[in-house]
file protein-v5.tsv (TSV, C-alpha atoms and all ligand atoms)
chain	number	residue	atom	x	y	z
U	843	GLY	CA	-58.72	97.34	-60.51
U	844	LEU	CA	-56.19	97.42	-63.31
U	845	PRO	CA	-53.15	99.74	-63.33
U	846	THR	CA	-53.69	103.09	-65.08
U	847	GLU	CA	-50.23	103.16	-66.63
U	848	VAL	CA	-47.75	100.51	-67.75
U	849	THR	CA	-44.19	100.48	-69.05
U	850	ILE	CA	-43.41	98.54	-72.21
U	851	TYR	CA	-39.90	97.11	-72.28
U	852	GLU	CA	-39.21	96.64	-75.99
U	853	VAL	CA	-37.05	93.61	-76.85
U	854	GLY	CA	-37.43	93.54	-80.67
U	855	PRO	CA	-33.84	94.43	-81.57
U	856	ARG	CA	-32.51	91.80	-79.13
U	857	ASP	CA	-34.99	88.93	-78.58
U	858	GLY	CA	-36.64	89.73	-81.91
U	859	LEU	CA	-33.55	89.58	-84.06
U	860	GLN	CA	-31.41	87.02	-82.20
U	861	ASN	CA	-33.26	84.13	-83.84
U	862	GLU	CA	-33.31	85.49	-87.41
U	863	SER	CA	-31.20	83.56	-89.87
U	864	ALA	CA	-31.00	86.38	-92.44
U	865	LEU	CA	-28.20	88.66	-91.32
U	866	VAL	CA	-29.59	92.14	-90.67
U	867	PRO	CA	-27.07	94.92	-91.45
U	868	THR	CA	-25.95	96.92	-88.41
U	869	ASP	CA	-27.23	100.21	-89.81
U	870	VAL	CA	-30.69	98.66	-90.26
U	871	LYS	CA	-30.62	97.55	-86.61
U	872	ALA	CA	-29.63	101.07	-85.54
U	873	GLU	CA	-32.51	102.50	-87.54
U	874	PHE	CA	-34.85	99.90	-85.94
U	875	VAL	CA	-33.81	101.02	-82.44
U	876	ARG	CA	-34.13	104.72	-83.34
U	877	ARG	CA	-37.59	104.25	-84.85
U	878	LEU	CA	-38.81	102.35	-81.78
U	879	LEU	CA	-37.53	105.10	-79.48
U	880	ALA	CA	-39.16	107.70	-81.72
U	881	ALA	CA	-42.47	105.81	-81.44
U	882	GLY	CA	-42.41	106.49	-77.72
U	883	LEU	CA	-41.13	103.17	-76.40
U	884	PRO	CA	-39.40	104.19	-73.17
U	885	ILE	CA	-36.96	101.25	-73.00
U	886	VAL	CA	-35.48	99.46	-76.00
U	887	GLU	CA	-33.16	96.53	-75.33
U	888	ALA	CA	-30.61	96.92	-78.11
U	889	THR	CA	-28.42	93.83	-78.33
U	890	SER	CA	-26.43	91.16	-76.44
U	891	PHE	CA	-22.82	90.93	-75.38
U	892	VAL	CA	-22.88	87.15	-75.50
U	893	HIS	CA	-20.41	84.88	-77.25
U	894	PRO	CA	-20.58	85.82	-80.97
U	895	LYS	CA	-20.50	82.15	-81.97
U	896	TRP	CA	-23.50	81.40	-79.78
U	897	VAL	CA	-25.62	84.19	-81.31
U	898	PRO	CA	-24.04	85.22	-84.63
U	899	GLN	CA	-26.91	87.59	-85.45
U	900	LEU	CA	-25.84	89.88	-82.57
U	901	ALA	CA	-22.08	89.58	-83.12
U	902	ASP	CA	-22.10	93.23	-84.21
U	903	ALA	CA	-23.13	94.46	-80.72
U	904	ALA	CA	-20.15	96.81	-80.37
U	905	ASP	CA	-20.64	98.32	-83.83
U	906	LEU	CA	-24.34	98.84	-83.13
U	907	MET	CA	-23.63	100.59	-79.83
U	908	GLU	CA	-21.13	102.86	-81.56
U	909	LEU	CA	-23.61	103.72	-84.31
U	910	LEU	CA	-26.29	104.53	-81.72
U	911	GLY	CA	-24.03	106.77	-79.65
U	912	GLU	CA	-25.64	108.43	-76.63
U	913	ALA	CA	-29.05	106.85	-77.33
U	914	GLY	CA	-27.46	103.40	-77.24
U	915	ARG	CA	-25.90	103.91	-73.84
U	916	ASP	CA	-29.39	104.29	-72.37
U	917	CYS	CA	-30.56	101.03	-73.96
U	918	PRO	CA	-30.24	97.88	-71.86
U	919	VAL	CA	-28.02	95.12	-73.27
U	920	LEU	CA	-27.85	91.43	-72.39
U	921	VAL	CA	-24.72	90.37	-70.53
U	922	PRO	CA	-24.13	86.79	-69.33
U	923	ASN	CA	-20.73	87.03	-67.70
U	924	GLU	CA	-17.74	89.21	-66.84
U	925	ARG	CA	-16.37	89.07	-70.38
U	926	GLY	CA	-19.68	90.39	-71.67
U	927	LEU	CA	-19.68	93.07	-68.97
U	928	ASP	CA	-16.19	94.23	-69.99
U	929	ARG	CA	-17.36	94.59	-73.59
U	930	ALA	CA	-20.50	96.49	-72.53
U	931	LEU	CA	-18.58	98.80	-70.17
U	932	GLU	CA	-16.12	99.66	-72.93
U	933	LEU	CA	-19.07	100.99	-74.96
U	934	GLY	CA	-20.50	102.97	-72.06
U	935	ALA	CA	-23.59	100.83	-71.40
U	936	LYS	CA	-25.57	101.97	-68.35
U	937	HIS	CA	-28.13	99.18	-68.14
U	938	ILE	CA	-27.42	95.48	-68.41
U	939	ALA	CA	-29.61	92.41	-68.14
U	940	ILE	CA	-28.45	89.01	-66.92
U	941	PHE	CA	-30.48	85.96	-67.90
U	942	GLY	CA	-30.78	82.88	-65.73
U	943	SER	CA	-32.68	79.66	-66.16
U	944	ALA	CA	-35.27	78.14	-63.84
U	945	THR	CA	-34.37	74.68	-65.14
U	946	GLU	CA	-31.24	72.56	-65.21
U	947	THR	CA	-31.50	71.57	-68.88
U	948	PHE	CA	-31.95	75.09	-70.20
U	949	ALA	CA	-29.12	76.42	-68.01
U	950	GLN	CA	-26.86	73.94	-69.76
U	951	LYS	CA	-28.22	74.56	-73.27
U	952	ASN	CA	-28.28	78.38	-73.04
U	953	LEU	CA	-25.38	79.17	-70.70
U	954	ASN	CA	-23.19	76.05	-70.77
U	955	ARG	CA	-23.55	75.99	-66.97
U	956	SER	CA	-25.50	73.90	-64.48
U	957	LEU	CA	-28.38	75.50	-62.60
U	958	ASP	CA	-26.07	76.12	-59.64
U	959	GLU	CA	-23.07	77.18	-61.69
U	960	GLN	CA	-25.06	79.99	-63.33
U	961	PHE	CA	-25.11	81.94	-60.04
U	962	ALA	CA	-21.31	81.78	-59.80
U	963	MET	CA	-21.15	83.31	-63.28
U	964	PHE	CA	-23.69	86.05	-62.55
U	965	GLU	CA	-22.53	87.01	-59.04
U	966	PRO	CA	-19.26	88.81	-59.96
U	967	THR	CA	-20.90	90.17	-63.12
U	968	VAL	CA	-23.67	91.89	-61.15
U	969	ARG	CA	-21.33	93.00	-58.36
U	970	ARG	CA	-18.92	94.68	-60.78
U	971	ALA	CA	-21.78	96.22	-62.77
U	972	ARG	CA	-23.31	97.70	-59.63
U	973	ASP	CA	-19.90	98.97	-58.44
U	974	ALA	CA	-19.60	100.75	-61.82
U	975	GLY	CA	-22.99	102.38	-61.23
U	976	LEU	CA	-24.95	100.31	-63.73
U	977	ASP	CA	-28.56	99.25	-63.40
U	978	VAL	CA	-29.13	95.50	-63.60
U	979	ARG	CA	-32.23	93.63	-64.74
U	980	ALA	CA	-32.50	89.88	-64.19
U	981	TYR	CA	-34.42	87.56	-66.47
U	982	VAL	CA	-35.48	84.11	-65.45
U	983	SER	CA	-36.37	81.77	-68.30
U	984	MET	CA	-38.62	78.68	-68.49
U	985	CYS	CA	-40.92	79.99	-65.75
U	986	PHE	CA	-44.00	78.20	-67.13
U	987	GLY	CA	-42.62	75.11	-68.78
U	988	ASP	CA	-39.46	73.73	-70.35
U	989	PRO	CA	-39.25	71.87	-73.68
U	990	TRP	CA	-37.04	69.15	-72.17
U	991	GLU	CA	-38.29	68.99	-68.58
U	992	GLY	CA	-41.99	69.73	-69.06
U	993	ASP	CA	-43.77	71.39	-66.13
U	994	VAL	CA	-41.61	73.59	-63.94
U	995	PRO	CA	-42.71	73.78	-60.29
U	996	VAL	CA	-43.66	77.28	-59.11
U	997	ASP	CA	-41.44	76.90	-56.03
U	998	GLN	CA	-38.41	76.19	-58.20
U	999	VAL	CA	-39.07	79.31	-60.31
U	1000	VAL	CA	-39.49	81.48	-57.20
U	1001	ASP	CA	-36.29	80.10	-55.69
U	1002	VAL	CA	-34.17	80.75	-58.81
U	1003	GLY	CA	-35.84	84.11	-59.50
U	1004	LYS	CA	-35.26	85.40	-55.99
U	1005	ARG	CA	-31.64	84.25	-56.02
U	1006	LEU	CA	-31.04	86.09	-59.29
U	1007	PHE	CA	-32.83	89.22	-58.10
U	1008	ASP	CA	-30.99	89.21	-54.78
U	1009	LEU	CA	-27.63	89.38	-56.57
U	1010	GLY	CA	-28.44	93.10	-56.95
U	1011	ALA	CA	-31.04	93.49	-59.70
U	1012	SER	CA	-33.65	96.24	-59.75
U	1013	GLN	CA	-36.17	94.19	-61.70
U	1014	LEU	CA	-36.95	90.53	-62.31
U	1015	SER	CA	-38.51	89.60	-65.65
U	1016	LEU	CA	-40.42	86.31	-65.60
U	1017	GLY	CA	-39.98	84.62	-68.97
U	1018	ASP	CA	-42.40	82.25	-70.63
U	1019	THR	CA	-39.64	81.37	-73.07
U	1020	ILE	CA	-41.66	78.84	-75.08
U	1021	GLY	CA	-45.09	80.41	-74.62
U	1022	VAL	CA	-46.82	77.48	-72.89
U	1023	GLY	CA	-48.18	79.44	-69.90
U	1024	THR	CA	-51.87	80.14	-69.35
U	1025	ALA	CA	-53.64	82.79	-67.33
U	1026	GLY	CA	-54.26	80.84	-64.12
U	1027	HIS	CA	-50.60	79.85	-64.00
U	1028	VAL	CA	-49.62	83.53	-64.31
U	1029	THR	CA	-51.82	84.46	-61.36
U	1030	ALA	CA	-50.37	81.63	-59.25
U	1031	LEU	CA	-46.75	82.46	-60.12
U	1032	VAL	CA	-47.07	86.17	-59.40
U	1033	GLN	CA	-48.82	85.37	-56.13
U	1034	ALA	CA	-46.01	83.00	-55.13
U	1035	PHE	CA	-43.37	85.67	-55.80
U	1036	VAL	CA	-45.28	88.20	-53.72
U	1037	GLN	CA	-45.66	85.68	-50.90
U	1038	ALA	CA	-41.89	85.15	-51.08
U	1039	GLY	CA	-41.35	88.87	-50.43
U	1040	MET	CA	-41.04	90.40	-53.91
U	1041	GLU	CA	-42.76	93.73	-54.51
U	1042	ILE	CA	-45.19	93.74	-57.42
U	1043	ASP	CA	-43.34	96.64	-59.07
U	1044	GLN	CA	-40.06	94.70	-59.00
U	1045	LEU	CA	-41.61	92.15	-61.38
U	1046	ALA	CA	-41.96	92.27	-65.16
U	1047	MET	CA	-43.61	89.72	-67.45
U	1048	HIS	CA	-41.98	88.38	-70.61
U	1049	PHE	CA	-44.44	86.42	-72.72
U	1050	HIS	CA	-43.86	84.56	-75.95
U	1051	ASP	CA	-46.94	83.98	-78.07
U	1052	THR	CA	-46.22	80.42	-79.27
U	1053	TYR	CA	-49.61	79.11	-78.12
U	1054	GLY	CA	-51.50	82.40	-78.66
U	1055	GLN	CA	-51.82	83.00	-74.90
U	1056	ALA	CA	-49.67	86.10	-74.51
U	1057	LEU	CA	-52.49	88.67	-74.33
U	1058	ALA	CA	-54.63	86.56	-72.01
U	1059	ASN	CA	-51.58	86.08	-69.80
U	1060	THR	CA	-50.93	89.81	-69.88
U	1061	TYR	CA	-54.48	90.47	-68.76
U	1062	ALA	CA	-54.03	88.09	-65.82
U	1063	ALA	CA	-50.80	89.87	-64.91
U	1064	LEU	CA	-52.51	93.28	-65.15
U	1065	GLN	CA	-55.14	92.02	-62.72
U	1066	ALA	CA	-52.33	90.98	-60.39
U	1067	GLY	CA	-50.94	94.54	-60.56
U	1068	ILE	CA	-47.86	94.03	-62.76
U	1069	THR	CA	-46.90	97.24	-64.57
U	1070	THR	CA	-43.93	96.28	-66.79
U	1071	TYR	CA	-44.35	94.13	-69.92
U	1072	ASP	CA	-41.72	92.94	-72.35
U	1073	ALA	CA	-42.83	92.96	-75.97
U	1074	SER	CA	-41.30	92.81	-79.42
U	1075	ALA	CA	-42.29	95.00	-82.36
U	1076	GLY	CA	-44.10	92.94	-84.95
U	1077	GLY	CA	-43.97	89.84	-82.72
U	1078	LEU	CA	-40.45	88.95	-83.79
U	1079	GLY	CA	-38.43	86.72	-81.57
U	1080	GLY	CA	-37.47	83.44	-80.04
U	1081	CYS	CA	-34.51	81.91	-78.35
U	1082	PRO	CA	-32.21	79.85	-80.59
U	1083	TYR	CA	-31.40	77.57	-77.64
U	1084	ALA	CA	-35.03	76.93	-76.64
U	1085	LYS	CA	-36.64	74.27	-78.81
U	1086	SER	CA	-40.05	75.49	-80.10
U	1087	ALA	CA	-39.69	79.08	-78.93
U	1088	THR	CA	-41.35	81.51	-81.32
U	1089	GLY	CA	-42.10	85.22	-81.31
U	1090	ASN	CA	-42.61	87.45	-78.31
U	1091	LEU	CA	-45.88	89.11	-77.53
U	1092	ALA	CA	-46.13	91.72	-80.32
U	1093	THR	CA	-45.76	95.28	-79.07
U	1094	GLU	CA	-48.66	96.29	-81.31
U	1095	ASP	CA	-50.99	93.61	-79.88
U	1096	LEU	CA	-50.13	94.81	-76.39
U	1097	VAL	CA	-50.61	98.51	-77.20
U	1098	TRP	CA	-53.95	97.77	-78.87
U	1099	MET	CA	-55.24	95.96	-75.78
U	1100	LEU	CA	-53.92	98.63	-73.39
U	1101	ARG	CA	-55.55	101.35	-75.47
U	1102	GLY	CA	-58.89	99.54	-75.27
U	1103	LEU	CA	-58.51	99.23	-71.51
U	1104	GLY	CA	-57.65	102.93	-71.14
U	1105	ILE	CA	-54.19	102.10	-69.78
U	1106	GLU	CA	-51.49	104.64	-70.69
U	1107	CYS	CA	-48.19	103.48	-72.19
U	1108	GLY	CA	-47.05	106.55	-74.15
U	1109	VAL	CA	-46.55	104.65	-77.40
U	1110	ASP	CA	-47.68	105.77	-80.88
U	1111	LEU	CA	-49.26	102.56	-82.21
U	1112	GLN	CA	-49.16	103.51	-85.90
U	1113	GLN	CA	-45.47	104.40	-85.70
U	1114	VAL	CA	-44.67	100.96	-84.25
U	1115	VAL	CA	-46.79	99.28	-86.95
U	1116	ASP	CA	-44.98	101.24	-89.68
U	1117	THR	CA	-41.65	100.25	-88.15
U	1118	SER	CA	-42.62	96.57	-88.08
U	1119	VAL	CA	-43.79	96.67	-91.70
U	1120	TRP	CA	-40.49	98.31	-92.67
U	1121	MET	CA	-38.54	95.65	-90.69
U	1122	ALA	CA	-40.59	92.83	-92.24
U	1123	GLY	CA	-39.40	94.11	-95.61
U	1124	HIS	CA	-35.80	93.64	-94.48
U	1125	LEU	CA	-36.50	90.17	-93.08
U	1126	GLY	CA	-38.40	89.08	-96.17
U	1127	ARG	CA	-41.56	87.86	-94.44
U	1128	PRO	CA	-44.73	89.40	-92.99
U	1129	SER	CA	-45.18	90.13	-89.29
U	1130	PRO	CA	-47.06	87.40	-87.38
U	1131	SER	CA	-48.92	90.09	-85.39
U	1132	ALA	CA	-52.66	90.32	-86.05
U	1133	VAL	CA	-52.67	94.01	-85.12
U	1134	VAL	CA	-49.82	94.79	-87.53
U	1135	ARG	CA	-51.70	93.02	-90.32
U	1136	ALA	CA	-54.92	94.89	-89.49
U	1137	LEU	CA	-53.28	98.32	-89.34
U	1138	ALA	CA	-50.66	97.98	-92.07
U	1201	LIG	P1	-18.76	79.20	-72.63
U	1201	LIG	O1	-18.32	78.56	-73.90
U	1201	LIG	O2	-19.01	78.33	-71.45
U	1201	LIG	O3	-17.76	80.37	-72.25
U	1201	LIG	O4	-20.09	80.02	-72.97
U	1201	LIG	P2	-16.43	80.34	-71.38
U	1201	LIG	O5	-16.66	81.18	-70.18
U	1201	LIG	O6	-16.00	78.92	-71.20
U	1201	LIG	O7	-15.39	81.06	-72.35
U	1201	LIG	C1	-14.98	80.46	-73.59
U	1201	LIG	C2	-14.44	81.50	-74.55
U	1201	LIG	O8	-15.50	82.39	-74.90
U	1201	LIG	C3	-13.35	82.39	-73.96
U	1201	LIG	O9	-12.48	82.74	-75.04
U	1201	LIG	C4	-14.07	83.64	-73.54
U	1201	LIG	O10	-13.29	84.80	-73.53
U	1201	LIG	C5	-15.15	83.74	-74.61
U	1201	LIG	P3	-11.04	82.05	-75.18
U	1201	LIG	O11	-10.33	82.39	-73.91
U	1201	LIG	O12	-11.32	80.59	-75.32
U	1201	LIG	O13	-10.49	82.70	-76.39
U	1201	LIG	N1	-16.33	84.44	-74.09
U	1201	LIG	C6	-16.90	85.52	-74.65
U	1201	LIG	N2	-16.63	86.24	-75.74
U	1201	LIG	C7	-17.39	87.31	-76.00
U	1201	LIG	N3	-18.41	87.69	-75.21
U	1201	LIG	C8	-18.74	86.99	-74.11
U	1201	LIG	C9	-17.96	85.86	-73.80
U	1201	LIG	N4	-18.02	84.97	-72.79
U	1201	LIG	C10	-17.01	84.11	-72.99
U	1201	LIG	N5	-19.76	87.38	-73.33
U	1201	LIG	C11	-21.62	81.82	-72.51
U	1201	LIG	C12	-20.82	80.68	-71.93
U	1201	LIG	C13	-22.57	82.33	-71.44
U	1201	LIG	C14	-20.69	82.91	-72.97
U	1201	LIG	C15	-22.42	81.27	-73.74
U	1201	LIG	O14	-23.18	80.18	-73.31
U	1201	LIG	C16	-23.35	82.30	-74.35
U	1201	LIG	O15	-22.91	83.26	-74.97
U	1201	LIG	N6	-24.68	82.11	-74.20
U	1201	LIG	C17	-25.67	83.08	-74.68
U	1201	LIG	C18	-26.89	82.40	-75.19
U	1201	LIG	C19	-27.92	83.44	-75.58
U	1201	LIG	O16	-27.61	84.58	-75.88
U	1201	LIG	N7	-29.22	83.04	-75.59
U	1201	LIG	C20	-30.28	83.93	-75.94
U	1201	LIG	C21	-30.59	84.96	-74.88
U	1201	LIG	S1	-31.57	84.33	-73.54
U	1201	LIG	C22	-33.22	84.46	-74.07
U	1201	LIG	O17	-33.46	84.73	-75.22
U	1201	LIG	C23	-34.34	84.35	-73.06
U	1201	LIG	C24	-34.96	85.69	-72.69
U	1201	LIG	O18	-35.51	86.33	-73.81
U	1201	LIG	C25	-36.07	85.50	-71.64
U	1201	LIG	C26	-37.07	84.40	-72.02
U	1201	LIG	O19	-37.64	84.42	-73.10
U	1201	LIG	O20	-37.23	83.53	-71.15
U	1201	LIG	C27	-33.92	86.63	-72.07
U	1202	MG	MG	-37.42	85.82	-74.70

call {"tool": "encode", "arguments": {"input": "protein-v5.tsv", "output": "structure tokens"}}
result
Amino acid sequence: GLPTEVTIYEVGPRDGLQNESALVPTDVKAEFVRRLLAAGLPIVEATSFVHPKWVPQLADAADLMELLGEAGRDCPVLVPNERGLDRALELGAKHIAIFGSATETFAQKNLNRSLDEQFAMFEPTVRRARDAGLDVRAYVSMCFGDPWEGDVPVDQVVDVGKRLFDLGASQLSLGDTIGVGTAGHVTALVQAFVQAGMEIDQLAMHFHDTYGQALANTYAALQAGITTYDASAGGLGGCPYAKSATGNLATEDLVWMLRGLGIECGVDLQQVVDTSVWMAGHLGRPSPSAVVRALA
């Protein structure tokens, strides 16, 4: 049967905003994070300590962390390398997330590293983070398809994912960066990771809704026993270095489906909807989420 409880890992302030061209003021971002926490989301990824020129929207990461204070230190932040780790440590971050690529082309486009070189960048980053007592999540991108390389073999994804996880992560998030995955593929990929020795509760799913498959894919993952799902309030999101990437699975769409299935997630749906409507006002366009539109 399906799990009775799942954890939603909210990525709106990070994945959601990183692709927005309109600059969102830091105090609005802080309010976004606070409202999501107040709505009952247990984990809110706040920002990225990446190169500010690569993702200008999140160049205010340090200011945001300072504004958030204690609450911010409990929020995971993206960190690609030792320089990013130093910046995050200075602000007292307790949870970081590294982000690798399952494909050669995306490793180069997103990290300026080859597929193999990315591990040399992450290895000392994770080691030093763990030595400092931090929790580390690992993302692997392009798990279901790559805009430049097309299909990505399951074995290749499992190999990269395990290598990233084995650096010392506590969780591996499987990213469908451009939203091309379908339900049968999800089942096969999760099965392959389990066969390779991963525990089901070490895996999280990160769906983008580009092709409208995110909820169907989530249902397949629920059937496989996965209990952590990344989602973005209002369905914001996309990676600026992944051609054709659009919004993440909307948190509201996910909560609506979970509620119908009787699966607990501890989130107040209306509060998330209200937050997304408020954020849409700042971004100057309506949320792409069907549930937000229905409940607004
Ligand atoms: P690089 O240019 O190769 O960096 O970029 P470098 O190591 O050669 O260093 C060059 C200069 O940058 C140096 O400064 C460094 O100090 C500085 P200089 O000595 O020349 O004055 N530098 C930094 N400054 C601030 N913070 C840092 C940092 N690192 C170096 N962290 C790098 C390599 C990884 C930094 C770059 O490629 C980068 O920032 N990439 C980030 C791209 C990104 O954020 N993409 C979006 C997130 S991933 C995603 O969205 C997918 C996900 O959602 C899952 C899914 O959907 O699949 C997670
Ligand atoms: Mg993403």

call {"tool": "closest_atom_pairs", "arguments": {"input": "protein-v5.tsv", "of": "chain U", "to": "ligand MG 1202 (chain U)", "cutoff": "12 Å", "atoms": "only C-alpha atoms and all ligand atoms", "output": "JSON lines"}}
result
{"residue": "U:Tyr851", "atom": "CA", "partner": "U:MG1202", "partner_atom": "MG", "distance": 11.8}
{"residue": "U:Glu852", "atom": "CA", "partner": "U:MG1202", "partner_atom": "MG", "distance": 11.0}
{"residue": "U:Val853", "atom": "CA", "partner": "U:MG1202", "partner_atom": "MG", "distance": 8.1}
{"residue": "U:Gly854", "atom": "CA", "partner": "U:MG1202", "partner_atom": "MG", "distance": 9.8}
{"residue": "U:Pro855", "atom": "CA", "partner": "U:MG1202", "partner_atom": "MG", "distance": 11.6}
{"residue": "U:Arg856", "atom": "CA", "partner": "U:MG1202", "partner_atom": "MG", "distance": 8.9}
{"residue": "U:Asp857", "atom": "CA", "partner": "U:MG1202", "partner_atom": "MG", "distance": 5.5}
{"residue": "U:Gly858", "atom": "CA", "partner": "U:MG1202", "partner_atom": "MG", "distance": 8.2}
{"residue": "U:Leu859", "atom": "CA", "partner": "U:MG1202", "partner_atom": "MG", "distance": 10.8}
{"residue": "U:Gln860", "atom": "CA", "partner": "U:MG1202", "partner_atom": "MG", "distance": 9.7}
{"residue": "U:Asn861", "atom": "CA", "partner": "U:MG1202", "partner_atom": "MG", "distance": 10.2}
{"residue": "U:Glu887", "atom": "CA", "partner": "U:MG1202", "partner_atom": "MG", "distance": 11.5}
{"residue": "U:Leu920", "atom": "CA", "partner": "U:MG1202", "partner_atom": "MG", "distance": 11.3}
{"residue": "U:Phe941", "atom": "CA", "partner": "U:MG1202", "partner_atom": "MG", "distance": 9.7}
{"residue": "U:Gly942", "atom": "CA", "partner": "U:MG1202", "partner_atom": "MG", "distance": 11.5}
{"residue": "U:Ser943", "atom": "CA", "partner": "U:MG1202", "partner_atom": "MG", "distance": 11.5}
{"residue": "U:Asn952", "atom": "CA", "partner": "U:MG1202", "partner_atom": "MG", "distance": 11.9}
{"residue": "U:Tyr981", "atom": "CA", "partner": "U:MG1202", "partner_atom": "MG", "distance": 8.9}
{"residue": "U:Val982", "atom": "CA", "partner": "U:MG1202", "partner_atom": "MG", "distance": 9.6}
{"residue": "U:Ser983", "atom": "CA", "partner": "U:MG1202", "partner_atom": "MG", "distance": 7.6}
{"residue": "U:Met984", "atom": "CA", "partner": "U:MG1202", "partner_atom": "MG", "distance": 9.5}
{"residue": "U:Cys985", "atom": "CA", "partner": "U:MG1202", "partner_atom": "MG", "distance": 11.2}
{"residue": "U:Ser1015", "atom": "CA", "partner": "U:MG1202", "partner_atom": "MG", "distance": 9.9}
{"residue": "U:Leu1016", "atom": "CA", "partner": "U:MG1202", "partner_atom": "MG", "distance": 9.6}
{"residue": "U:Gly1017", "atom": "CA", "partner": "U:MG1202", "partner_atom": "MG", "distance": 6.4}
{"residue": "U:Asp1018", "atom": "CA", "partner": "U:MG1202", "partner_atom": "MG", "distance": 7.4}
{"residue": "U:Thr1019", "atom": "CA", "partner": "U:MG1202", "partner_atom": "MG", "distance": 5.2}
{"residue": "U:Ile1020", "atom": "CA", "partner": "U:MG1202", "partner_atom": "MG", "distance": 8.2}
{"residue": "U:Gly1021", "atom": "CA", "partner": "U:MG1202", "partner_atom": "MG", "distance": 9.4}
{"residue": "U:Met1047", "atom": "CA", "partner": "U:MG1202", "partner_atom": "MG", "distance": 10.3}
{"residue": "U:His1048", "atom": "CA", "partner": "U:MG1202", "partner_atom": "MG", "distance": 6.6}
{"residue": "U:Phe1049", "atom": "CA", "partner": "U:MG1202", "partner_atom": "MG", "distance": 7.3}
{"residue": "U:His1050", "atom": "CA", "partner": "U:MG1202", "partner_atom": "MG", "distance": 6.7}
{"residue": "U:Asp1051", "atom": "CA", "partner": "U:MG1202", "partner_atom": "MG", "distance": 10.3}
{"residue": "U:Thr1052", "atom": "CA", "partner": "U:MG1202", "partner_atom": "MG", "distance": 11.3}
{"residue": "U:Tyr1071", "atom": "CA", "partner": "U:MG1202", "partner_atom": "MG", "distance": 11.8}
{"residue": "U:Asp1072", "atom": "CA", "partner": "U:MG1202", "partner_atom": "MG", "distance": 8.6}
{"residue": "U:Ala1073", "atom": "CA", "partner": "U:MG1202", "partner_atom": "MG", "distance": 9.0}
{"residue": "U:Ser1074", "atom": "CA", "partner": "U:MG1202", "partner_atom": "MG", "distance": 9.3}
{"residue": "U:Gly1077", "atom": "CA", "partner": "U:MG1202", "partner_atom": "MG", "distance": 11.1}
{"residue": "U:Leu1078", "atom": "CA", "partner": "U:MG1202", "partner_atom": "MG", "distance": 10.1}
{"residue": "U:Gly1079", "atom": "CA", "partner": "U:MG1202", "partner_atom": "MG", "distance": 7.0}
{"residue": "U:Gly1080", "atom": "CA", "partner": "U:MG1202", "partner_atom": "MG", "distance": 5.8}
{"residue": "U:Cys1081", "atom": "CA", "partner": "U:MG1202", "partner_atom": "MG", "distance": 6.1}
{"residue": "U:Pro1082", "atom": "CA", "partner": "U:MG1202", "partner_atom": "MG", "distance": 9.9}
{"residue": "U:Tyr1083", "atom": "CA", "partner": "U:MG1202", "partner_atom": "MG", "distance": 10.6}
{"residue": "U:Ala1084", "atom": "CA", "partner": "U:MG1202", "partner_atom": "MG", "distance": 9.4}
{"residue": "U:Ser1086", "atom": "CA", "partner": "U:MG1202", "partner_atom": "MG", "distance": 11.9}
{"residue": "U:Ala1087", "atom": "CA", "partner": "U:MG1202", "partner_atom": "MG", "distance": 8.3}
{"residue": "U:Thr1088", "atom": "CA", "partner": "U:MG1202", "partner_atom": "MG", "distance": 8.8}
{"residue": "U:Gly1089", "atom": "CA", "partner": "U:MG1202", "partner_atom": "MG", "distance": 8.1}
{"residue": "U:Asn1090", "atom": "CA", "partner": "U:MG1202", "partner_atom": "MG", "distance": 6.5}
{"residue": "U:Leu1091", "atom": "CA", "partner": "U:MG1202", "partner_atom": "MG", "distance": 9.5}
{"residue": "U:Ala1092", "atom": "CA", "partner": "U:MG1202", "partner_atom": "MG", "distance": 11.9}

call {"tool": "atom_distance", "arguments": {"input": "protein-v5.tsv", "atom1": "CA of Val1002 in chain U", "atom2": "CA of Ile885 in chain U"}}
result
25.1 Å

call {"tool": "residues_around", "arguments": {"input": "protein-v5.tsv", "residues": "range 962-966 of chain U", "least_positions_apart": "6", "cutoff": "9 Å", "atoms": "all atoms listed in the file", "output": "list in words"}}
result
Pro922, Asn923, Glu924, Ile940, Phe941, Gly942, Arg955, Leu1006, Leu1009 and Gly1010 of chain U

call {"tool": "atom_distance", "arguments": {"input": "protein-v5.tsv", "atom1": "atom O20 of ligand LIG 1201 (chain U)", "atom2": "CA of Gly1126 in chain U"}}
result
25.7 Å

call {"tool": "closest_residue", "arguments": {"input": "protein-v5.tsv", "among": "U:Leu1125, U:Ala1136, U:Ala944, U:Ile1068", "to": "Gly992 in chain U", "atoms": "only C-alpha atoms"}}
result
U:Ala944

call {"tool": "closest_residue", "arguments": {"input": "protein-v5.tsv", "among": "U:Ile1105, U:Ala1034, U:Ala939, U:Leu976", "to": "Asp1001 in chain U", "atoms": "all atoms listed in the file"}}
result
U:Ala1034

call {"tool": "closest_residue", "arguments": {"input": "protein-v5.tsv", "among": "U:Glu862, U:Glu908, U:Asp997, U:Asp928", "to": "Val968 in chain U", "atoms": "all atoms listed in the file"}}
result
U:Asp928

call {"tool": "atom_distance", "arguments": {"input": "protein-v5.tsv", "atom1": "CA of Gly1102 in chain U", "atom2": "CA of Ala1046 in chain U"}}
result
21.0 Å

call {"tool": "closest_residue", "arguments": {"input": "protein-v5.tsv", "among": "U:Ala881, U:Val919, U:Val897, U:Val848", "to": "Val1115 in chain U", "atoms": "all atoms listed in the file"}}
result
U:Ala881
